[in-house]
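> Please find target04.txt (compact mmCIF, C-alpha atoms) on the next line:
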# COMPACT_ATOMS: atom_id res chain seq x y z
CA MET A 1 90.89 105.05 130.84
CA THR A 2 94.20 104.73 132.57
CA TRP A 3 97.21 104.95 130.29
CA ARG A 4 99.39 102.26 131.79
CA ASN A 5 102.44 102.58 129.56
CA GLN A 6 103.75 104.58 126.62
CA ARG A 7 106.13 102.50 124.55
CA ILE A 8 108.71 103.35 121.92
CA ASP A 9 109.16 100.25 119.77
CA ASP A 10 110.16 100.02 116.12
CA ARG A 11 108.09 96.84 115.80
CA LEU A 12 104.95 98.67 116.98
CA ILE A 13 102.45 95.96 118.02
CA HIS A 14 104.07 92.54 118.33
CA GLY A 15 104.44 89.61 120.71
CA GLN A 16 106.00 91.46 123.63
CA VAL A 17 103.31 94.11 123.50
CA VAL A 18 100.30 91.84 123.17
CA VAL A 19 101.36 88.76 125.10
CA ALA A 20 103.63 90.10 127.83
CA TRP A 21 102.46 93.67 128.44
CA GLY A 22 98.88 92.94 127.44
CA ALA A 23 98.55 90.37 130.21
CA ALA A 24 100.62 92.20 132.83
CA LEU A 25 98.76 95.49 132.44
CA ARG A 26 95.37 93.97 131.53
CA LEU A 27 95.27 96.12 128.44
CA ASN A 28 92.04 96.55 126.59
CA ARG A 29 93.17 99.36 124.34
CA LEU A 30 96.24 100.09 122.21
CA LEU A 31 96.82 103.43 120.54
CA VAL A 32 99.43 103.42 117.78
CA VAL A 33 100.56 106.87 116.70
CA ASP A 34 102.39 106.48 113.43
CA ASP A 35 102.07 108.43 110.19
CA ALA A 36 103.13 105.58 107.89
CA ALA A 37 100.89 102.93 109.42
CA ALA A 38 97.95 105.31 109.67
CA ALA A 39 98.26 106.17 105.98
CA SER A 40 97.68 102.57 104.87
CA ALA A 41 94.33 100.87 105.45
CA TRP A 42 96.02 97.54 104.94
CA GLU A 43 98.64 98.23 107.62
CA ARG A 44 96.00 99.53 109.99
CA ASP A 45 94.03 96.32 109.56
CA LEU A 46 97.19 94.26 110.08
CA LEU A 47 97.92 96.01 113.37
CA VAL A 48 94.32 95.68 114.52
CA SER A 49 94.35 91.95 113.74
CA SER A 50 97.59 91.51 115.68
CA ALA A 51 96.01 92.14 119.07
CA PRO A 52 92.94 89.92 119.50
CA GLY A 53 90.69 91.08 122.31
CA ILE A 54 92.29 94.52 122.48
CA ALA A 55 90.81 97.57 120.79
CA VAL A 56 93.48 99.03 118.51
CA SER A 57 93.49 102.54 117.08
CA VAL A 58 96.07 103.74 114.57
CA VAL A 59 96.31 107.49 114.03
CA PRO A 60 98.82 109.93 112.51
CA VAL A 61 100.83 112.21 114.78
CA GLY A 62 98.54 115.12 114.00
CA GLU A 63 95.62 113.28 115.55
CA GLY A 64 97.70 111.87 118.40
CA PRO A 65 97.06 114.51 121.09
CA ALA A 66 93.29 114.27 120.64
CA ALA A 67 93.41 110.48 120.69
CA TRP A 68 95.54 110.59 123.85
CA GLU A 69 93.08 112.90 125.59
CA ALA A 70 90.09 110.88 124.42
CA GLY A 71 91.71 107.78 125.82
CA ARG A 72 92.01 109.36 129.26
CA ALA A 73 88.25 109.74 129.38
CA ALA A 74 87.53 106.15 128.32
CA ALA A 75 87.19 103.10 130.55
CA GLY A 76 89.85 100.44 131.01
CA CYS A 77 93.62 100.30 130.61
CA GLY A 78 95.59 101.36 127.58
CA MET A 79 99.04 101.53 126.09
CA LEU A 80 100.39 104.07 123.62
CA VAL A 81 102.90 102.82 121.04
CA VAL A 82 105.14 104.87 118.77
CA ARG A 83 107.85 103.70 116.40
CA ASP A 84 110.77 105.91 117.45
CA LEU A 85 112.00 108.79 119.59
CA ARG A 86 111.26 111.26 116.80
CA THR A 87 107.59 110.32 116.77
CA ALA A 88 107.46 110.48 120.57
CA ARG A 89 108.97 113.97 120.46
CA ARG A 90 106.61 115.11 117.69
CA LEU A 91 103.64 113.81 119.63
CA VAL A 92 104.59 115.69 122.79
CA GLU A 93 105.47 118.84 120.87
CA ALA A 94 102.05 118.60 119.19
CA GLY A 95 100.45 118.87 122.60
CA ALA A 96 99.99 115.37 123.99
CA GLN A 97 100.68 115.50 127.73
CA VAL A 98 102.55 112.22 127.91
CA PRO A 99 104.50 112.03 131.18
CA ALA A 100 106.87 109.23 130.25
CA PHE A 101 107.94 106.81 127.55
CA THR A 102 109.42 103.35 127.89
CA VAL A 103 111.93 102.45 125.21
CA GLY A 104 111.06 98.83 124.48
CA GLY A 105 112.82 98.19 121.19
CA LEU A 106 114.99 100.35 118.94
CA HIS A 107 116.99 97.84 116.97
CA TYR A 108 120.30 98.11 115.19
CA ALA A 109 120.71 100.18 112.06
CA PRO A 110 123.91 101.52 110.49
CA GLY A 111 125.25 104.46 112.49
CA LYS A 112 123.54 103.45 115.72
CA THR A 113 125.44 102.42 118.82
CA LYS A 114 124.37 99.72 121.23
CA LEU A 115 123.02 100.51 124.68
CA ASN A 116 121.75 97.01 125.36
CA ASP A 117 120.44 94.06 123.36
CA TYR A 118 117.35 95.89 122.16
CA VAL A 119 118.22 99.59 122.20
CA TYR A 120 120.54 101.25 119.67
CA LEU A 121 120.70 105.01 119.25
CA ASP A 122 122.31 107.46 116.85
CA ASP A 123 122.91 111.20 117.21
CA ALA A 124 119.44 112.08 115.92
CA ASP A 125 117.85 109.73 118.46
CA ARG A 126 119.88 111.33 121.24
CA GLU A 127 118.80 114.79 120.19
CA ASP A 128 115.17 113.68 120.29
CA ALA A 129 115.73 112.07 123.69
CA ARG A 130 117.29 115.26 125.04
CA ALA A 131 114.36 117.28 123.72
CA LEU A 132 111.89 114.97 125.45
CA LEU A 133 113.83 115.19 128.71
CA ARG A 134 113.88 118.99 128.47
CA LEU A 135 110.09 118.86 128.04
CA GLY A 136 109.86 116.96 131.31
CA VAL A 137 109.13 113.57 129.78
CA ALA A 138 110.72 110.67 131.66
CA LEU A 139 112.51 108.08 129.53
CA GLU A 140 113.07 104.53 130.70
CA VAL A 141 114.28 101.36 129.04
CA GLN A 142 112.42 98.07 129.51
CA ASP A 143 111.47 95.42 126.97
CA VAL A 144 109.18 93.10 128.94
CA PRO A 145 107.44 93.39 132.33
CA ALA A 146 109.77 90.83 133.89
CA SER A 147 112.87 92.90 133.19
CA ARG A 148 113.96 95.85 135.28
CA ALA A 149 113.22 99.35 134.05
CA LEU A 150 116.25 101.63 133.90
CA PRO A 151 116.45 105.34 133.16
CA LEU A 152 117.67 105.87 129.60
CA VAL A 153 120.28 108.33 130.85
CA GLN A 154 121.77 105.58 133.02
CA LEU A 155 122.41 103.44 129.95
CA ASP A 156 123.62 106.21 127.71
CA PRO A 157 126.41 108.41 129.05
CA ALA A 158 126.05 110.67 126.02
CA LEU A 159 122.72 111.91 127.38
CA PRO A 160 122.48 114.45 130.21
CA SER A 161 122.13 112.86 133.61
CA MET B 1 104.91 70.44 89.65
CA SER B 2 108.00 72.35 90.75
CA ARG B 3 109.11 72.41 94.36
CA ILE B 4 107.61 75.09 96.60
CA PRO B 5 110.39 76.72 98.67
CA ALA B 6 109.90 77.89 102.23
CA LEU B 7 111.30 80.47 104.62
CA LEU B 8 110.97 79.89 108.36
CA VAL B 9 110.71 83.23 110.19
CA THR B 10 110.60 82.93 113.95
CA HIS B 11 111.57 84.38 117.30
CA ALA B 12 115.05 83.56 118.61
CA ASP B 13 116.38 80.30 117.16
CA LEU B 14 113.07 78.47 117.01
CA GLY B 15 113.19 78.17 113.23
CA ALA B 16 116.68 76.68 113.21
CA ALA B 17 115.69 74.28 115.98
CA LEU B 18 112.52 73.25 114.16
CA LEU B 19 114.51 72.56 111.03
CA ARG B 20 117.09 70.50 112.95
CA ALA B 21 114.28 68.50 114.52
CA ALA B 22 112.65 67.97 111.14
CA GLU B 23 115.96 66.77 109.68
CA GLN B 24 116.23 64.15 112.43
CA ILE B 25 112.93 62.72 111.25
CA TYR B 26 112.91 63.52 107.52
CA GLY B 27 116.58 63.56 106.65
CA PRO B 28 118.69 66.34 105.11
CA VAL B 29 116.62 69.29 103.94
CA SER B 30 117.30 71.73 101.12
CA ASP B 31 115.31 74.71 99.83
CA VAL B 32 114.27 75.84 103.30
CA GLU B 33 115.80 79.03 104.66
CA VAL B 34 115.68 80.18 108.26
CA LEU B 35 115.46 83.76 109.50
CA SER B 36 115.29 84.94 113.11
CA ASN B 37 113.74 88.25 114.09
CA LEU B 38 116.45 88.69 116.71
CA ASP B 39 117.86 92.23 116.74
CA LEU B 40 115.83 93.27 113.69
CA SER B 41 113.48 96.23 113.53
CA ARG B 42 110.14 95.89 111.80
CA ALA B 43 111.55 97.54 108.67
CA ASP B 44 114.70 95.42 108.62
CA LEU B 45 112.80 92.19 109.19
CA GLU B 46 110.39 93.04 106.37
CA ARG B 47 113.36 93.83 104.12
CA ALA B 48 115.15 90.59 105.02
CA ILE B 49 112.06 88.55 104.21
CA ASP B 50 111.47 90.46 100.99
CA GLU B 51 115.03 89.82 99.82
CA ARG B 52 114.56 86.09 100.25
CA VAL B 53 111.10 85.64 98.77
CA ALA B 54 112.10 87.78 95.79
CA ARG B 55 114.27 84.82 94.72
CA TRP B 56 111.19 82.65 94.30
CA PRO B 57 109.88 83.12 90.76
CA GLY B 58 107.14 80.56 91.31
CA GLY B 59 106.18 81.65 94.80
CA GLY B 60 106.64 79.89 98.11
CA LEU B 61 105.67 79.75 101.75
CA VAL B 62 106.69 82.01 104.61
CA LEU B 63 106.22 79.98 107.78
CA THR B 64 106.01 82.02 110.98
CA ASP B 65 105.62 81.11 114.62
CA PHE B 66 102.65 82.90 116.15
CA PRO B 67 99.79 85.18 115.19
CA GLY B 68 100.27 88.84 115.92
CA GLY B 69 104.03 88.63 116.20
CA SER B 70 106.54 90.63 114.23
CA CYS B 71 107.45 87.58 112.11
CA GLN B 72 103.89 87.14 110.88
CA GLN B 73 103.30 90.84 110.34
CA CYS B 74 106.55 91.38 108.45
CA GLY B 75 105.90 88.22 106.43
CA LEU B 76 102.55 89.63 105.36
CA LEU B 77 104.07 93.03 104.64
CA ALA B 78 106.77 91.47 102.46
CA ALA B 79 104.37 89.11 100.73
CA ARG B 80 102.28 92.01 99.44
CA ALA B 81 104.79 92.52 96.64
CA HIS B 82 104.88 88.85 95.66
CA ALA B 83 101.56 87.44 94.57
CA ALA B 84 102.44 83.75 94.84
CA VAL B 85 103.92 83.98 98.34
CA VAL B 86 101.66 82.64 101.10
CA VAL B 87 102.18 83.21 104.84
CA VAL B 88 101.32 80.39 107.24
CA THR B 89 101.38 81.27 110.94
CA GLY B 90 101.63 78.92 113.89
CA ILE B 91 104.01 76.45 112.29
CA ASN B 92 104.97 73.42 114.35
CA LEU B 93 106.98 70.27 113.73
CA PRO B 94 104.10 68.20 112.26
CA GLY B 95 103.26 71.07 109.94
CA LEU B 96 106.85 71.46 108.83
CA LEU B 97 107.17 67.73 108.19
CA ASP B 98 103.98 67.76 106.15
CA TYR B 99 105.42 70.58 104.09
CA LEU B 100 108.61 68.63 103.45
CA HIS B 101 106.72 65.53 102.38
CA ASN B 102 104.39 67.36 100.02
CA ARG B 103 106.23 70.39 98.67
CA ASP B 104 106.80 68.75 95.28
CA GLN B 105 103.15 67.74 94.81
CA TYR B 106 101.14 70.90 95.45
CA GLY B 107 101.09 74.56 94.60
CA ALA B 108 101.73 77.16 97.29
CA GLU B 109 98.06 77.80 98.14
CA GLU B 110 97.11 74.13 98.36
CA LEU B 111 100.23 73.28 100.28
CA ALA B 112 99.59 76.11 102.75
CA GLU B 113 96.06 74.89 103.46
CA ARG B 114 97.29 71.34 103.80
CA LEU B 115 99.97 72.10 106.36
CA ARG B 116 97.62 74.40 108.27
CA ARG B 117 95.25 71.48 108.74
CA LYS B 118 98.11 69.19 109.66
CA ALA B 119 99.56 71.61 112.19
CA GLN B 120 96.16 72.24 113.79
CA ASP B 121 95.17 68.57 113.87
CA SER B 122 98.43 67.72 115.60
CA VAL B 123 97.59 69.67 118.72
CA ARG B 124 95.75 67.19 120.92
CA VAL B 125 94.72 66.83 124.53
CA GLN B 126 95.04 63.23 125.64
CA ARG B 127 94.95 61.36 128.91
CA SER B 128 96.41 57.98 129.32
CA GLN B 129 94.62 55.18 131.15
CA PRO B 130 95.75 54.27 134.69
CA ALA B 131 98.04 51.24 134.59
Would you write out, as structure tokens, the structure that this file holds?

Amino acid sequence: MTWRNQRIDDRLIHGQVVVAWGAALRLNRLLVVDDAAAASAWERDLLVSSAPGIAVSVVPVGEGPAAWEAGRAAAGCGMLVVRDLRTARRLVEAGAQVPAFTVGGLHYAPGKTKLNDYVYLDDADREDARALLRLGVALEVQDVPASRALPLVQLDPALPS
Amino acid sequence: MSRIPALLVTHADLGAALLRAAEQIYGPVSDVEVLSNLDLSRADLERAIDERVARWPGGGLVLTDFPGGSCQQCGLLAARAHAAVVVVTGINLPGLLDYLHNRDQYGAEELAERLRRKAQDSVRVQRSQPA
């Protein structure tokens, strides 16, 4: 399978992922790596039911690298989704050879500063972003296929350029 | 039968617009709240819904816009803690009007099924005859 996109989105699977990206990338597989969602059968079922016609897997970070590798050997097109930069960093540090992440939605929370309408970061996020960049992982920002992807460092002067 | 309250949870300002449209047809509306998912994370949207439905001792309806979206998912996540809260997804203007006309006559479950049928039956493909 071709991994077409790796998305960081605190809504996990939702309309933008299924409707916009699903159609644009002809996705037939979604891999959600998330400890909290994977720990709840009910939440796993909810995520699976949210993407009709797309095979959805929900695994904890510990199983993420194996799921990522298994996906590369499968047929079709897939997208990886994680909730935040910390999970993305943990996944890569656990051994998943993910070349890039697209930040698609990190919404406001107290202590976070705005980069654009759908990306807000705090110091901990920036530290995770720097760690990913040091590991050679590209970070872009793009919510939907019709918008222009920008390097995260271009939007956030607090990150290394 | 006591009135069944409702919370409209939608993308952008769809919920507010639906309610304005309903008021043009039905008249002034009370006991319906509107919540947009704009700028809210999954956790914050779930929390915002939970805060509102927690005020409903007798239950109520969470009306969301489309299946698989964050509004529906967070509605279902929030409703887990409130047994008499029912989530209806795919709400449209006929469905909302049916809710307003019948919210004092039915319980939450019956009302939800009723407005689901109404919303679905209102989607029609029609061709007019040549003049």
> Return the neighbours of chain A among the residues of chain B, cut-off 12 Å, counting all atoms listed in the file, as a PyMOL selection string.
chain B and resi 10-11+37-46+65-78+80+89
> My list of candidates is A:Leu25, A:Leu139, A:Leu80, A:Ala158. Which is closest to Thr113 of chain A when distances are computed with only C-alpha atoms?
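Once distances to Thr113 of chain A are computed over only C-alpha atoms, the minimum belongs to A:Ala158.
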> Hey, what's within 7 Å of segment 140-150 of chain A if we count only C-alpha atoms and toss same-chain stuff fewer than 3 positions away? As a list in words, please?
Gln16, Ala20, Trp21, Ala24, Phe101, Thr102, Val103, Gly104, Gly105 and Gln154 of chain A
> Near Ala83 of chain B, within 12 Å and counting all atoms listed in the file, which residues show up once chain neighbours fewer than 2 positions away are dropped, as a list in words?
Val53, Ala54, Trp56, Pro57, Gly58, Gly59, Gly60, Leu61, Leu76, Leu77, Ala78, Ala79, Arg80, Ala81, Val85, Val86, Val87, Ala108 and Glu109 of chain B
> Give me the residues within 12 Å of Ala129 of chain A as an MDAnalysis selection string, counting all atoms listed in the file and dropping any in the same chain fewer than 6 places off.
chainID A and resid 8 84:90 92 100:103 121:123 135:140 151:153 156 158:161
> Go ahead and find all residues with at least one atom no further than 8 Å from (92.8, 118.3, 122.9) in the file's coordinates, using all atoms listed in the file; report them as a list in words.
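The distance filter leaves exactly Pro65, Ala66, Glu69, Gly95 and Ala96 of chain A.
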> Using C-alpha atoms, can you write the selected residues to a file as a PDB file, in the frame of the given file?

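After the write, out16.pdb holds the following:
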ATOM      1  CA  PRO A  65      97.060 114.510 121.090  1.00  0.00           C
ATOM      2  CA  ALA A  66      93.290 114.270 120.640  1.00  0.00           C
ATOM      3  CA  GLU A  69      93.080 112.900 125.590  1.00  0.00           C
ATOM      4  CA  GLY A  95     100.450 118.870 122.600  1.00  0.00           C
ATOM      5  CA  ALA A  96      99.990 115.370 123.990  1.00  0.00           C
TER       6      ALA A  96
END
> Extract, using all atoms listed in the file, all DNA, RNA and protein residues at most 6 Å from Trp3 of chain A, discarding same-chain residues fewer than 3 positions from it, and format them as a PyMOL selection string.
chain A and resi 77-79
> Applying 12 Å and only C-alpha atoms, which residues near Ser30 of chain B remain after dropping the ones on its own chain fewer than 4 positions away? List them as a list of chain:residue names.
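After dropping sequence-adjacent residues, the list is B:Arg3, B:Ile4, B:Pro5, B:Ala6, B:Leu7, B:Leu19, B:Arg20, B:Ala22, B:Glu23, B:Tyr26, B:Val34, B:Leu100, B:Arg103.
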> Please measure the separation of atom CA of Leu96 of chain B and atom CA of Ala119 of chain B, giving the value in Å to one decimal.
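According to the coordinates, atom CA of Leu96 of chain B and atom CA of Ala119 of chain B are separated by 8.0 Å.
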> Which is closest to Ala37 of chain A among A:Ile54, A:Met1, A:Trp68, A:Val59, if we use all atoms listed in the file?
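The answer is A:Val59, which sits nearest to Ala37 of chain A.
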